[in-house]
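Pasted below: final_23.pdb, PDB, C-alpha atoms.
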MODEL        1
ATOM      1  CA  ALA A  29     -18.008   2.928 -32.047
ATOM      2  CA  ALA A  30     -15.220   3.740 -34.522
ATOM      3  CA  ASN A  31     -13.993   6.497 -32.219
ATOM      4  CA  ASP A  32     -13.956   4.065 -29.286
ATOM      5  CA  LYS A  33     -11.857   1.655 -31.336
ATOM      6  CA  GLU A  34      -9.415   4.437 -32.259
ATOM      7  CA  GLU A  35      -9.120   5.476 -28.618
ATOM      8  CA  LEU A  36      -8.455   1.877 -27.570
ATOM      9  CA  MET A  37      -5.788   1.465 -30.250
ATOM     10  CA  SER A  38      -4.114   4.734 -29.197
ATOM     11  CA  TRP A  39      -4.119   3.586 -25.589
ATOM     12  CA  LEU A  40      -2.725   0.176 -26.546
ATOM     13  CA  ASP A  41       0.013   1.749 -28.679
ATOM     14  CA  LYS A  42       1.042   3.942 -25.766
ATOM     15  CA  LEU A  43       1.000   1.034 -23.326
ATOM     16  CA  LEU A  44       2.844  -1.388 -25.599
ATOM     17  CA  GLY A  45       5.340   1.292 -26.532
ATOM     18  CA  ARG A  46       6.124   1.955 -22.881
ATOM     19  CA  GLY A  47       6.588  -1.761 -22.306
ATOM     20  CA  LYS A  48       8.964  -2.096 -25.243
ATOM     21  CA  LYS A  49      10.907   0.954 -24.082
ATOM     22  CA  ALA A  50      11.268  -0.530 -20.618
ATOM     23  CA  ALA A  51      12.255  -3.929 -22.000
ATOM     24  CA  GLY A  52      14.829  -2.264 -24.225
ATOM     25  CA  ASP A  53      16.228  -0.401 -21.237
ATOM     26  CA  VAL A  54      16.468  -3.551 -19.118
ATOM     27  CA  THR A  55      18.039  -5.687 -21.849
ATOM     28  CA  GLY A  56      20.182  -2.943 -23.364
ATOM     29  CA  ASP A  57      18.426  -3.435 -26.714
ATOM     30  CA  ALA A  58      18.517   0.026 -28.324
ATOM     31  CA  SER A  59      16.369  -0.997 -31.300
ATOM     32  CA  LEU A  60      13.592  -2.312 -29.025
ATOM     33  CA  ARG A  61      13.758   0.859 -26.938
ATOM     34  CA  ARG A  62      13.573   2.996 -30.102
ATOM     35  CA  GLU A  63      10.650   0.966 -31.458
ATOM     36  CA  GLY A  64       8.815   1.384 -28.162
ATOM     37  CA  MET A  65       9.467   5.113 -28.072
ATOM     38  CA  HIS A  66       8.039   5.563 -31.570
ATOM     39  CA  GLN A  67       5.027   3.358 -30.859
ATOM     40  CA  GLU A  68       4.250   5.333 -27.708
ATOM     41  CA  ARG A  69       4.559   8.629 -29.581
ATOM     42  CA  GLU A  70       2.339   7.279 -32.352
ATOM     43  CA  GLY A  71      -0.346   6.487 -29.772
ATOM     44  CA  ARG A  72      -0.099   9.977 -28.292
ATOM     45  CA  ALA A  73      -0.331  11.588 -31.732
ATOM     46  CA  GLU A  74      -3.400   9.514 -32.625
ATOM     47  CA  GLU A  75      -4.989  10.488 -29.316
ATOM     48  CA  ARG A  76      -4.377  14.194 -29.974
ATOM     49  CA  ALA A  77      -5.727  13.884 -33.517
ATOM     50  CA  SER A  78      -8.905  12.260 -32.209
ATOM     51  CA  GLN A  79      -9.374  15.038 -29.652
ATOM     52  CA  HIS A  80      -8.959  17.687 -32.333
ATOM     53  CA  GLU A  81     -11.430  15.901 -34.601
ATOM     54  CA  ASP A  82     -13.967  15.913 -31.739
ATOM     55  CA  MET A  83     -13.416  19.649 -31.192
ATOM     56  CA  ALA A  84     -13.780  20.320 -34.912
ATOM     57  CA  GLN A  85     -17.080  18.414 -35.008
ATOM     58  CA  ALA A  86     -18.391  20.417 -32.036
ATOM     59  CA  GLU A  87     -17.453  23.663 -33.797
ATOM     60  CA  ARG A  88     -19.232  22.509 -36.989
ATOM     61  CA  GLU A  89     -22.352  21.838 -34.933
ATOM     62  CA  ARG A  90     -22.152  25.318 -33.367
ATOM     63  CA  ALA A  91     -21.730  26.865 -36.808
ATOM     64  CA  ALA A  92     -24.801  24.979 -38.048
ATOM     65  CA  GLU A  93     -26.823  26.246 -35.076
ATOM     66  CA  HIS A  94     -25.800  29.832 -35.857
ATOM     67  CA  ARG A  95     -26.663  29.320 -39.527
ATOM     68  CA  VAL A  96     -30.159  28.142 -38.544
ATOM     69  CA  GLU A  97     -30.617  31.139 -36.229
ATOM     70  CA  ARG A  98     -29.313  33.547 -38.874
ATOM     71  CA  ASP A  99     -31.702  32.183 -41.501
ATOM     72  CA  ALA A 100     -34.749  32.099 -39.187
ATOM     73  CA  PRO A 101     -37.520  34.544 -40.111
TER      74      PRO A 101
ENDMDL
END
Written as structure tokens, how would this file's structure read?
Amino acid sequence: AANDKEELMSWLDKLLGRGKKAAGDVTGDASLRREGMHQEREGRAEERASQHEDMAQAERERAAEHRVERDAP
């Protein structure tokens, strides 16, 4: 459930960031555009981090399986 929440927040950050960027473009507000750009990038970075954490957990599970097989009589 925590991972689902993180994924939702990453998605929301990307979406809101894109909206702010677009609003900044339309209104000529450079600070809003910059804020949106950074929020979108933050969401992407969080998404990548979550994916890497999932891959790391899968590798730990594989390592544990090999450890069990290695130690089997």
What separates atom CA of Arg46 of chain A and atom CA of Asn31 of chain A is a distance of 22.6 Å
Can you tell me how far atom CA of Trp39 of chain A sits from atom CA of Glu87 of chain A, in Å to one decimal?
25.5 Å
Pick out the residues sitting within 8 Å of Ser78 of chain A, and hand them over as number ranges by chain; count only C-alpha atoms, and ignore anything fewer than 4 positions along from it in its own chain.
A: 31, 34-35, 74, 82
Enter the distance from atom CA of Arg61 of chain A to atom CA of Lys48 of chain A, in Å, rounded to one decimal.
5.9 Å
So which residues touch Gly64 of chain A within 9 Å, counting all atoms listed in the file, skipping near sequence neighbours fewer than 3 positions away, as a ChimeraX atom specification?
/A:41-42,44-52,59-61,67-69
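If all atoms listed in the file are the atoms counted, then among A:Glu97, A:Glu63, A:Glu89, A:Glu70 the closest residue to Leu40 of chain A is A:Glu70.
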Could you give me the axis-aligned bounding box of segment 36-43 of chain A, with 6 Å of padding per side, as centre plus edge lengths in Å to one decimal, as lines of an AutoDock Vina configuration file?
center_x = -3.7
center_y = 2.5
center_z = -26.8
size_x = 21.5
size_y = 16.6
size_z = 18.9
